[in-house]
>>> print(open('final_15.cif').read())   # mmCIF, C-alpha atoms and all ligand atoms
data_structure
#
loop_
_atom_site.label_atom_id
_atom_site.label_comp_id
_atom_site.auth_asym_id
_atom_site.auth_seq_id
_atom_site.Cartn_x
_atom_site.Cartn_y
_atom_site.Cartn_z
CA MET A 227 92.51 -116.94 -59.09
CA GLN A 228 93.79 -116.94 -55.51
CA LYS A 229 94.11 -120.57 -54.24
CA SER A 230 92.11 -120.89 -51.01
CA ARG A 231 94.29 -121.93 -48.04
CA VAL A 232 94.26 -125.66 -47.32
CA VAL A 233 93.07 -126.10 -43.73
CA THR A 234 92.70 -129.56 -42.24
CA ILE A 235 90.04 -130.11 -39.58
CA GLN A 236 92.79 -130.81 -37.06
CA ARG A 237 94.33 -127.39 -37.69
CA HIS A 238 90.91 -125.71 -37.62
CA ILE A 239 90.07 -127.32 -34.27
CA VAL A 240 93.36 -126.07 -32.80
CA GLU A 241 92.62 -122.58 -34.18
CA GLN A 242 89.15 -122.77 -32.60
CA GLU A 243 90.71 -123.85 -29.30
CA ARG A 244 92.90 -120.73 -29.31
CA LEU A 245 89.64 -118.72 -29.06
CA TYR A 246 89.25 -120.15 -25.53
CA PRO A 247 92.25 -119.01 -23.43
CA ARG A 248 91.46 -121.57 -20.71
CA ALA A 249 91.22 -124.45 -23.20
CA THR A 250 93.41 -127.38 -22.18
CA GLY A 251 93.65 -129.26 -25.46
CA ASP A 252 91.41 -131.95 -23.94
CA PHE A 253 88.53 -130.84 -26.14
CA THR A 254 90.77 -130.75 -29.20
CA GLY A 255 91.87 -134.33 -28.57
CA LEU A 256 88.24 -135.40 -28.27
CA LEU A 257 87.32 -133.93 -31.65
CA TRP A 258 90.41 -135.45 -33.25
CA ASP A 259 89.43 -138.90 -31.98
CA LEU A 260 85.95 -138.36 -33.44
CA THR A 261 87.33 -137.49 -36.89
CA LEU A 262 89.32 -140.74 -36.83
CA ALA A 263 86.13 -142.74 -36.17
CA ALA A 264 84.40 -140.80 -38.96
CA LYS A 265 87.11 -141.80 -41.46
CA SER A 266 86.74 -145.48 -40.54
CA ILE A 267 82.95 -145.37 -40.84
CA SER A 268 83.23 -143.54 -44.17
CA ARG A 269 85.48 -146.30 -45.48
CA GLU A 270 83.00 -149.02 -44.47
CA VAL A 271 79.92 -147.11 -45.71
CA ASN A 272 81.58 -146.50 -49.07
CA LYS A 273 82.21 -150.18 -49.61
CA ALA A 274 78.91 -151.33 -48.04
CA GLY A 275 77.55 -152.22 -51.48
CA LEU A 276 80.45 -154.62 -51.93
CA ALA A 277 81.16 -156.05 -48.53
CA GLU A 278 79.23 -158.96 -47.09
CA ILE A 279 78.32 -156.76 -44.11
CA LEU A 280 75.11 -155.68 -45.86
CA GLY A 281 71.90 -157.15 -44.61
CA LEU A 282 70.28 -157.48 -41.22
CA THR A 283 71.99 -158.75 -38.11
CA GLY A 284 68.63 -160.16 -37.16
CA GLU A 285 68.77 -157.95 -34.06
CA VAL A 286 66.44 -155.07 -33.23
CA ASN A 287 67.49 -151.84 -31.41
CA VAL A 288 65.73 -150.09 -28.51
CA HIS A 289 63.30 -148.40 -30.90
CA GLY A 290 62.24 -151.57 -32.67
CA ASP A 291 64.24 -150.67 -35.83
CA ASP A 292 65.95 -153.52 -37.67
CA VAL A 293 69.67 -153.13 -36.96
CA LYS A 294 71.88 -153.21 -40.05
CA LYS A 295 75.41 -154.45 -39.58
CA LEU A 296 76.81 -151.00 -40.49
CA ASP A 297 74.85 -149.57 -37.52
CA VAL A 298 76.60 -152.02 -35.26
CA TYR A 299 79.99 -151.30 -36.86
CA ALA A 300 79.56 -147.51 -36.57
CA ASN A 301 78.43 -147.77 -32.96
CA GLU A 302 81.36 -149.99 -32.00
CA ARG A 303 83.83 -147.88 -33.99
CA ILE A 304 82.87 -144.69 -32.19
CA CYS A 305 82.93 -146.37 -28.76
CA LYS A 306 86.37 -147.90 -29.43
CA ALA A 307 87.76 -144.60 -30.78
CA MET A 308 86.42 -142.54 -27.88
CA ASP A 309 86.59 -144.67 -24.73
CA HIS A 310 90.32 -144.63 -23.94
CA GLY A 311 91.47 -141.08 -24.88
CA GLY A 312 90.82 -139.75 -21.36
CA HIS A 313 88.55 -136.98 -22.66
CA LEU A 314 85.15 -138.50 -21.74
CA CYS A 315 83.48 -139.40 -18.47
CA ILE A 316 80.45 -141.11 -20.07
CA MET A 317 78.77 -141.67 -23.44
CA ALA A 318 75.26 -142.47 -24.68
CA SER A 319 74.27 -143.79 -28.10
CA GLU A 320 70.93 -143.87 -29.93
CA GLU A 321 71.70 -147.57 -30.48
CA ASN A 322 72.17 -148.40 -26.78
CA GLU A 323 69.34 -148.60 -24.25
CA ASP A 324 71.51 -147.41 -21.34
CA VAL A 325 74.53 -145.09 -20.93
CA ILE A 326 77.99 -146.31 -22.04
CA ARG A 327 80.46 -146.22 -19.17
CA ILE A 328 84.19 -145.64 -19.70
CA PRO A 329 85.98 -148.92 -18.80
CA ASP A 330 87.72 -148.78 -15.39
CA GLU A 331 91.16 -149.29 -16.94
CA PHE A 332 90.90 -146.09 -18.97
CA PRO A 333 91.39 -142.47 -17.70
CA LYS A 334 88.22 -140.38 -17.36
CA GLY A 335 87.80 -136.85 -18.75
CA LYS A 336 85.42 -133.94 -18.28
CA TYR A 337 83.27 -134.30 -21.41
CA VAL A 338 80.12 -136.22 -22.32
CA LEU A 339 79.48 -137.58 -25.83
CA LEU A 340 75.93 -138.30 -27.07
CA PHE A 341 75.66 -139.70 -30.59
CA ASP A 342 73.59 -141.38 -33.25
CA PRO A 343 76.18 -143.58 -34.94
CA LEU A 344 74.45 -144.03 -38.28
CA ASP A 345 71.18 -142.17 -38.74
CA GLY A 346 69.07 -143.06 -41.76
CA SER A 347 70.60 -146.51 -41.89
CA SER A 348 67.41 -148.05 -43.29
CA ASN A 349 68.58 -146.37 -46.53
CA ILE A 350 71.96 -148.12 -46.64
CA ASP A 351 70.98 -150.75 -49.21
CA ALA A 352 69.59 -148.06 -51.53
CA ASN A 353 72.91 -146.16 -51.46
CA VAL A 354 71.17 -143.06 -50.02
CA SER A 355 73.28 -140.58 -48.01
CA ILE A 356 73.31 -141.37 -44.28
CA GLY A 357 75.02 -139.73 -41.32
CA THR A 358 76.57 -139.74 -37.86
CA ILE A 359 75.29 -137.05 -35.47
CA PHE A 360 77.02 -135.99 -32.22
CA SER A 361 76.69 -133.65 -29.25
CA ILE A 362 79.35 -132.80 -26.66
CA TYR A 363 78.66 -131.48 -23.13
CA ARG A 364 80.82 -130.78 -20.09
CA ARG A 365 80.29 -133.13 -17.16
CA LYS A 366 77.75 -131.76 -14.64
CA THR A 367 77.89 -134.19 -11.67
CA THR A 368 80.80 -134.10 -9.23
CA GLY A 369 80.74 -137.58 -7.73
CA LYS A 370 83.29 -140.36 -8.29
CA GLU A 371 81.53 -141.70 -11.40
CA ALA A 372 79.62 -139.82 -14.09
CA THR A 373 75.94 -140.77 -14.20
CA ILE A 374 72.93 -140.63 -16.53
CA GLU A 375 72.33 -137.12 -15.12
CA ASP A 376 75.38 -136.00 -17.15
CA CYS A 377 73.54 -137.14 -20.30
CA LEU A 378 70.06 -135.75 -19.54
CA ARG A 379 70.81 -132.15 -20.49
CA LYS A 380 69.35 -129.05 -22.15
CA GLY A 381 70.59 -128.38 -25.69
CA THR A 382 71.77 -124.96 -24.57
CA GLU A 383 74.48 -126.71 -22.50
CA GLN A 384 76.19 -128.20 -25.57
CA VAL A 385 79.83 -127.14 -26.04
CA ALA A 386 79.99 -128.67 -29.54
CA ALA A 387 77.80 -130.50 -32.03
CA GLY A 388 78.14 -131.82 -35.54
CA TYR A 389 77.43 -134.47 -38.10
CA ILE A 390 79.26 -136.48 -40.72
CA ILE A 391 77.31 -137.05 -43.95
CA TYR A 392 78.34 -140.08 -46.00
CA GLY A 393 77.16 -139.05 -49.46
CA SER A 394 78.68 -138.30 -52.89
CA SER A 395 81.55 -137.15 -50.69
CA THR A 396 82.03 -137.50 -46.94
CA MET A 397 81.67 -134.20 -45.10
CA MET A 398 82.03 -133.27 -41.46
CA VAL A 399 80.09 -130.20 -40.29
CA TYR A 400 80.60 -128.94 -36.74
CA THR A 401 80.23 -126.00 -34.40
CA THR A 402 81.84 -125.12 -31.05
CA GLY A 403 79.66 -122.02 -30.75
CA GLN A 404 81.93 -120.04 -33.10
CA GLY A 405 79.94 -120.51 -36.29
CA VAL A 406 79.41 -123.60 -38.45
CA HIS A 407 82.19 -125.02 -40.60
CA GLY A 408 82.22 -127.86 -43.15
CA PHE A 409 85.12 -130.14 -44.09
CA THR A 410 85.22 -132.50 -47.05
CA LEU A 411 87.19 -135.75 -46.78
CA ASP A 412 89.95 -136.13 -49.37
CA PRO A 413 90.25 -139.92 -49.38
CA SER A 414 93.56 -139.74 -51.26
CA ILE A 415 95.25 -138.18 -48.21
CA GLY A 416 92.73 -139.23 -45.54
CA GLU A 417 92.20 -135.64 -44.38
CA PHE A 418 89.07 -133.57 -43.82
CA LEU A 419 89.78 -130.25 -45.60
CA LEU A 420 87.93 -126.97 -44.92
CA SER A 421 85.45 -126.58 -47.79
CA HIS A 422 82.54 -124.60 -46.27
CA GLU A 423 83.76 -121.90 -43.83
CA ASN A 424 81.19 -120.13 -41.65
CA ILE A 425 78.04 -121.67 -43.16
CA LYS A 426 74.94 -119.44 -42.89
CA ILE A 427 71.45 -120.77 -43.69
CA PRO A 428 69.32 -118.42 -45.88
CA GLN A 429 66.78 -116.57 -43.69
CA LYS A 430 63.98 -117.91 -45.94
CA GLY A 431 63.95 -120.91 -48.28
CA LYS A 432 61.80 -122.34 -51.07
CA ILE A 433 62.06 -126.02 -50.02
CA TYR A 434 60.03 -127.97 -47.50
CA SER A 435 60.90 -131.46 -46.31
CA ILE A 436 58.17 -133.62 -44.74
CA ASN A 437 56.83 -137.15 -45.17
CA GLU A 438 53.52 -136.34 -46.93
CA GLY A 439 52.52 -139.96 -46.42
CA ASN A 440 51.80 -139.06 -42.78
CA ALA A 441 49.43 -136.17 -43.73
CA ASN A 442 46.36 -137.85 -42.19
CA ALA A 443 48.12 -137.99 -38.82
CA TRP A 444 49.15 -134.29 -38.76
CA ASP A 445 47.59 -131.70 -36.46
CA ASP A 446 45.41 -129.02 -38.13
CA GLY A 447 48.14 -126.36 -37.92
CA THR A 448 50.62 -128.51 -39.85
CA LYS A 449 47.97 -129.41 -42.43
CA LYS A 450 47.18 -125.69 -42.96
CA TYR A 451 50.89 -124.77 -43.12
CA VAL A 452 51.70 -127.38 -45.78
CA ALA A 453 48.60 -126.36 -47.78
CA TYR A 454 49.81 -122.71 -47.51
CA LEU A 455 53.24 -123.68 -48.93
CA LYS A 456 51.50 -125.26 -51.96
CA GLU A 457 49.47 -122.13 -52.83
CA LYS A 458 50.70 -119.89 -55.66
CA ASP A 459 51.97 -116.51 -54.44
CA THR A 460 55.00 -115.02 -56.16
CA THR A 461 55.53 -112.39 -53.44
CA THR A 462 56.38 -115.15 -50.96
CA GLU A 463 57.99 -117.43 -53.57
CA ARG A 464 55.24 -120.05 -53.19
CA PRO A 465 54.61 -122.85 -54.05
CA TYR A 466 57.68 -124.32 -52.34
CA SER A 467 59.34 -127.46 -53.71
CA LEU A 468 59.04 -130.69 -51.72
CA ARG A 469 62.40 -132.38 -51.19
CA TYR A 470 62.32 -135.40 -48.82
CA ILE A 471 65.07 -138.02 -48.77
CA GLY A 472 63.98 -139.77 -45.56
CA SER A 473 67.50 -139.51 -44.16
CA LEU A 474 67.63 -136.70 -41.59
CA VAL A 475 71.27 -135.70 -42.05
CA ALA A 476 70.87 -135.55 -45.85
CA ASP A 477 67.63 -133.53 -45.67
CA PHE A 478 69.07 -131.22 -43.01
CA HIS A 479 72.38 -130.68 -44.85
CA ARG A 480 70.65 -129.70 -48.11
CA ASN A 481 68.36 -127.24 -46.31
CA LEU A 482 71.31 -125.80 -44.33
CA LEU A 483 73.10 -124.95 -47.58
CA TYR A 484 70.12 -124.00 -49.79
CA GLY A 485 67.59 -122.77 -47.22
CA GLY A 486 64.27 -124.38 -46.38
CA ILE A 487 62.38 -126.12 -43.61
CA PHE A 488 62.44 -129.74 -42.39
CA LEU A 489 59.41 -130.92 -40.45
CA TYR A 490 58.84 -134.10 -38.48
CA PRO A 491 55.70 -133.17 -36.51
CA ALA A 492 54.09 -135.47 -33.93
CA ASP A 493 51.54 -138.07 -35.04
CA TYR A 494 48.09 -136.94 -33.79
CA LYS A 495 46.14 -140.11 -34.61
CA ASP A 496 45.39 -140.09 -30.86
CA PRO A 497 45.00 -136.33 -30.18
CA LYS A 498 45.38 -136.98 -26.45
CA LYS A 499 48.72 -138.73 -26.98
CA PRO A 500 50.71 -137.08 -29.83
CA LYS A 501 53.60 -139.38 -30.83
CA ALA A 502 56.95 -137.92 -31.95
CA LYS A 503 59.63 -139.88 -33.82
CA LEU A 504 62.96 -138.05 -33.73
CA ARG A 505 65.23 -138.18 -30.67
CA LEU A 506 65.93 -135.06 -28.62
CA LEU A 507 69.46 -135.92 -27.46
CA TYR A 508 70.87 -137.63 -30.55
CA GLU A 509 69.16 -135.80 -33.45
CA ALA A 510 67.21 -132.66 -32.50
CA ASN A 511 69.67 -130.99 -30.10
CA PRO A 512 72.87 -131.31 -32.15
CA LEU A 513 71.16 -130.15 -35.36
CA ALA A 514 69.45 -127.34 -33.42
CA PHE A 515 72.82 -126.07 -32.14
CA ILE A 516 74.19 -126.12 -35.69
CA VAL A 517 71.19 -124.42 -37.29
CA GLU A 518 71.09 -121.67 -34.64
CA GLN A 519 74.82 -121.05 -35.10
CA ALA A 520 74.11 -120.78 -38.85
CA GLY A 521 71.34 -118.19 -38.23
CA GLY A 522 68.38 -120.58 -38.41
CA MET A 523 65.85 -121.92 -35.90
CA ALA A 524 64.77 -125.23 -34.36
CA SER A 525 61.43 -125.66 -32.59
CA THR A 526 58.84 -128.24 -31.61
CA GLY A 527 56.23 -125.79 -32.94
CA LYS A 528 55.64 -124.65 -29.36
CA GLU A 529 59.12 -124.20 -27.91
CA ARG A 530 62.80 -123.86 -28.77
CA ILE A 531 64.35 -127.34 -29.05
CA MET A 532 67.46 -126.32 -27.11
CA ASP A 533 65.42 -125.14 -24.09
CA ILE A 534 63.94 -128.62 -23.45
CA GLN A 535 65.30 -130.35 -20.34
CA ALA A 536 65.77 -134.03 -21.31
CA ALA A 537 64.00 -136.42 -18.92
CA GLU A 538 64.87 -139.71 -20.68
CA LEU A 539 67.82 -140.87 -22.80
CA HIS A 540 65.60 -141.75 -25.78
CA GLN A 541 63.07 -138.94 -25.41
CA LYS A 542 61.42 -138.03 -28.73
CA VAL A 543 60.30 -134.57 -29.89
CA PRO A 544 58.58 -133.00 -32.89
CA LEU A 545 61.31 -131.31 -34.96
CA ILE A 546 60.71 -128.19 -37.08
CA ILE A 547 64.14 -126.92 -38.21
CA GLY A 548 65.66 -124.67 -40.86
CA SER A 549 65.39 -121.10 -42.18
CA LYS A 550 64.27 -118.73 -39.41
CA GLU A 551 61.42 -117.04 -41.34
CA ASP A 552 59.99 -120.43 -42.37
CA VAL A 553 60.06 -121.84 -38.84
CA LEU A 554 58.44 -118.67 -37.48
CA THR A 555 55.67 -118.92 -40.12
CA TYR A 556 55.12 -122.58 -39.17
CA GLU A 557 54.82 -121.65 -35.49
CA LYS A 558 52.06 -119.13 -36.36
CA PHE A 559 50.04 -121.87 -38.11
CA PHE A 560 50.76 -124.48 -35.43
CA ASN A 561 49.65 -122.20 -32.57
CA GLN A 562 46.55 -120.81 -34.31
CA LYS A 563 43.50 -121.48 -32.14
P1 LIG B 601 60.01 -141.59 -42.08
C1 LIG B 601 65.64 -142.45 -40.40
O1 LIG B 601 65.09 -143.66 -39.96
C2 LIG B 601 65.06 -141.34 -39.55
O2 LIG B 601 65.34 -141.55 -38.22
C3 LIG B 601 65.62 -140.01 -40.02
O3 LIG B 601 66.90 -140.13 -40.55
C4 LIG B 601 64.62 -139.58 -41.08
O4 LIG B 601 64.51 -138.17 -41.17
C5 LIG B 601 63.31 -140.18 -40.56
O5 LIG B 601 63.65 -141.29 -39.76
C6 LIG B 601 62.44 -140.64 -41.71
O6 LIG B 601 61.23 -141.12 -41.13
O7 LIG B 601 58.92 -141.91 -41.09
O8 LIG B 601 59.66 -140.41 -42.96
O9 LIG B 601 60.52 -142.78 -42.86
#
>>> encode(input="final_15.cif", output="structure tokens")
Amino acid sequence: MQKSRVVTIQRHIVEQERLYPRATGDFTGLLWDLTLAAKSISREVNKAGLAEILGLTGEVNVHGDDVKKLDVYANERICKAMDHGGHLCIMASEENEDVIRIPDEFPKGKYVLLFDPLDGSSNIDANVSIGTIFSIYRRKTTGKEATIEDCLRKGTEQVAAGYIIYGSSTMMVYTTGQGVHGFTLDPSIGEFLLSHENIKIPQKGKIYSINEGNANAWDDGTKKYVAYLKEKDTTTERPYSLRYIGSLVADFHRNLLYGGIFLYPADYKDPKKPKAKLRLLYEANPLAFIVEQAGGMASTGKERIMDIQAAELHQKVPLIIGSKEDVLTYEKFFNQK
């Protein structure tokens, strides 16, 4: 059997860069720095069960979530890996209330990094897969210093997006707009090796991922859609199977590979003030870029995620993401009058 070629993520990124004649290597350096941070976080996550860094720091982040020490470590690791390479002009993290400026002593670059350092971290102690999610944009402002305006963007302006999933193995999945590619970390050589080239999500799945515990707070359209998925109809391969890990990157990654739909609709307990949970800049946009590049779809139920102009750093949106046919069916139910 022909041995598949061994391609490291570094080599793949350089090959991707060659697709852009005007590329300067700046972008390549940025992604390389990110893979280094990912390896360090993977090492810490994989020994979390052993190290004393488990447990709460006693602090609480901007969203009122208890902050686990691994959150803090991952956030600091990414900042330290990314702030001095000269590729970035500003950063913003799901863990930080305000933007993260590049220290004066370091060179500034033309890119913006938005990231969730360790999503799903409430699952750390249960050894459930968790993940880092990132988005990269080109700087938009032209003044001396980059500003928050460089972070408040539309998803369609992303030049790259990806995630690292720390699970049974550590995988990095990314896109630069040339398809979606997955790399599995070989800890014995410390390299991410190409394992999933040109990932495409099935046009229709048989899995749905939603927290059924919130059913009483759903809007009528979501209630009718989930009931529809549970009906028996062999022609549309229903009933679907419910698979919900409660860790976005893990749920998204499974559906990307197998097909299916992930839903985190708004909470309609107060119909006048629907409350969303997931963050536009750090979760919805990067995963939307990936799923669209893989042939899928990402919507709020009403509009394409990547068309939303961010107004606040920690803006939250309903997220319906996965196989195109499934998201389109959901939108029909959600918008039924
Ligand atoms: P719930 C984890 O805290 C997270 O942000 C995502 O990773 C996950 O999809 C979601 O929240 C789970 O939320 O309300 O179902 O526990």
>>> residues_near_ligand(input="final_15.cif", ligand="ligand LIG 601 (chain B)", cutoff="6 Å", atoms="all atoms listed in the file", output="PyMOL selection string")
chain A and resi 345-346+348+437+472-474
>>> closest_residue(input="final_15.cif", among="A:Ile546, A:Val399, A:Ala492, A:Val298", to="Asp445 (chain A)", atoms="all atoms listed in the file")
A:Ala492
>>> residues_around(input="final_15.cif", residues="region 316-326 of chain A", least_positions_apart="2", cutoff="10 Å", atoms="only C-alpha atoms", output="PyMOL selection string")
chain A and resi 286-289+291+293+297-298+300-301+304-305+308-309+313-314+328-329+334-345+359-360+362+365+371-374+376-378+505+507-509+539-540
>>> closest_residue(input="final_15.cif", among="A:Lys542, A:His238, A:Lys528, A:His310", to="Gly408 (chain A)", atoms="only C-alpha atoms")
A:His238
>>> closest_residue(input="final_15.cif", among="A:Lys273, A:Lys456, A:His422, A:Lys449", to="Gln562 (chain A)", atoms="all atoms listed in the file")
A:Lys449
>>> closest_residue(input="final_15.cif", among="A:Thr261, A:Asn272, A:Thr254, A:Ser549", to="Gly522 (chain A)", atoms="only C-alpha atoms")
A:Ser549
>>> closest_residue(input="final_15.cif", among="A:Tyr556, A:Tyr451, A:Phe478, A:Phe409", to="Ile235 (chain A)", atoms="all atoms listed in the file")
A:Phe409
>>> decode(input="final_15.cif", residues="region 515-525 of chain A", atoms="all heavy atoms", output="JSON list (two decimals), in the first residue's frame")
[["chain", "number", "residue", "atom", "x", "y", "z"],
["A", 515, "PHE", "N", -16.07, 29.92, 9.48],
["A", 515, "PHE", "CA", -15.14, 29.97, 8.34],
["A", 515, "PHE", "C", -14.74, 28.54, 7.95],
["A", 515, "PHE", "O", -14.77, 28.13, 6.79],
["A", 515, "PHE", "CB", -13.93, 30.81, 8.70],
["A", 515, "PHE", "CG", -12.99, 31.15, 7.56],
["A", 515, "PHE", "CD1", -13.35, 30.98, 6.22],
["A", 515, "PHE", "CD2", -11.71, 31.64, 7.82],
["A", 515, "PHE", "CE1", -12.47, 31.29, 5.18],
["A", 515, "PHE", "CE2", -10.83, 31.95, 6.79],
["A", 515, "PHE", "CZ", -11.20, 31.77, 5.47],
["A", 516, "ILE", "N", -14.42, 27.75, 8.99],
["A", 516, "ILE", "CA", -14.00, 26.36, 8.73],
["A", 516, "ILE", "C", -15.13, 25.56, 8.09],
["A", 516, "ILE", "O", -14.94, 24.91, 7.06],
["A", 516, "ILE", "CB", -13.53, 25.69, 10.05],
["A", 516, "ILE", "CG1", -12.20, 26.29, 10.49],
["A", 516, "ILE", "CG2", -13.40, 24.17, 9.88],
["A", 516, "ILE", "CD1", -11.74, 25.82, 11.84],
["A", 517, "VAL", "N", -16.33, 25.67, 8.67],
["A", 517, "VAL", "CA", -17.42, 24.81, 8.16],
["A", 517, "VAL", "C", -17.81, 25.21, 6.74],
["A", 517, "VAL", "O", -18.09, 24.34, 5.90],
["A", 517, "VAL", "CB", -18.64, 24.83, 9.12],
["A", 517, "VAL", "CG1", -19.59, 25.98, 8.84],
["A", 517, "VAL", "CG2", -19.39, 23.49, 9.06],
["A", 518, "GLU", "N", -17.76, 26.51, 6.43],
["A", 518, "GLU", "CA", -18.09, 26.94, 5.06],
["A", 518, "GLU", "C", -17.03, 26.45, 4.08],
["A", 518, "GLU", "O", -17.34, 25.96, 2.99],
["A", 518, "GLU", "CB", -18.24, 28.46, 4.99],
["A", 518, "GLU", "CG", -19.51, 28.98, 5.65],
["A", 518, "GLU", "CD", -19.87, 30.39, 5.22],
["A", 518, "GLU", "OE1", -19.25, 30.93, 4.29],
["A", 518, "GLU", "OE2", -20.82, 30.97, 5.81],
["A", 519, "GLN", "N", -15.76, 26.50, 4.50],
["A", 519, "GLN", "CA", -14.68, 26.01, 3.64],
["A", 519, "GLN", "C", -14.80, 24.49, 3.43],
["A", 519, "GLN", "O", -14.28, 23.94, 2.47],
["A", 519, "GLN", "CB", -13.31, 26.35, 4.26],
["A", 519, "GLN", "CG", -12.90, 27.80, 4.04],
["A", 519, "GLN", "CD", -12.51, 28.05, 2.59],
["A", 519, "GLN", "OE1", -11.71, 27.31, 2.01],
["A", 519, "GLN", "NE2", -13.08, 29.06, 1.98],
["A", 520, "ALA", "N", -15.47, 23.82, 4.39],
["A", 520, "ALA", "CA", -15.64, 22.36, 4.28],
["A", 520, "ALA", "C", -16.95, 22.02, 3.59],
["A", 520, "ALA", "O", -17.33, 20.83, 3.51],
["A", 520, "ALA", "CB", -15.59, 21.74, 5.68],
["A", 521, "GLY", "N", -17.70, 23.05, 3.12],
["A", 521, "GLY", "CA", -18.95, 22.81, 2.39],
["A", 521, "GLY", "C", -20.19, 22.83, 3.25],
["A", 521, "GLY", "O", -21.27, 22.44, 2.81],
["A", 522, "GLY", "N", -20.04, 23.28, 4.51],
["A", 522, "GLY", "CA", -21.19, 23.34, 5.42],
["A", 522, "GLY", "C", -21.73, 24.75, 5.55],
["A", 522, "GLY", "O", -21.47, 25.61, 4.70],
["A", 523, "MET", "N", -22.45, 24.99, 6.66],
["A", 523, "MET", "CA", -23.14, 26.28, 6.83],
["A", 523, "MET", "C", -23.15, 26.67, 8.29],
["A", 523, "MET", "O", -23.11, 25.79, 9.19],
["A", 523, "MET", "CB", -24.59, 26.10, 6.36],
["A", 523, "MET", "CG", -25.14, 27.26, 5.59],
["A", 523, "MET", "SD", -26.78, 26.82, 5.00],
["A", 523, "MET", "CE", -27.61, 28.32, 5.44],
["A", 524, "ALA", "N", -23.17, 27.98, 8.56],
["A", 524, "ALA", "CA", -23.24, 28.47, 9.95],
["A", 524, "ALA", "C", -24.17, 29.68, 9.98],
["A", 524, "ALA", "O", -23.97, 30.64, 9.23],
["A", 524, "ALA", "CB", -21.87, 28.85, 10.47],
["A", 525, "SER", "N", -25.19, 29.61, 10.84],
["A", 525, "SER", "CA", -26.25, 30.62, 10.83],
["A", 525, "SER", "C", -26.70, 30.90, 12.26],
["A", 525, "SER", "O", -26.44, 30.11, 13.17],
["A", 525, "SER", "CB", -27.40, 30.03, 10.00],
["A", 525, "SER", "OG", -28.66, 30.58, 10.36]]
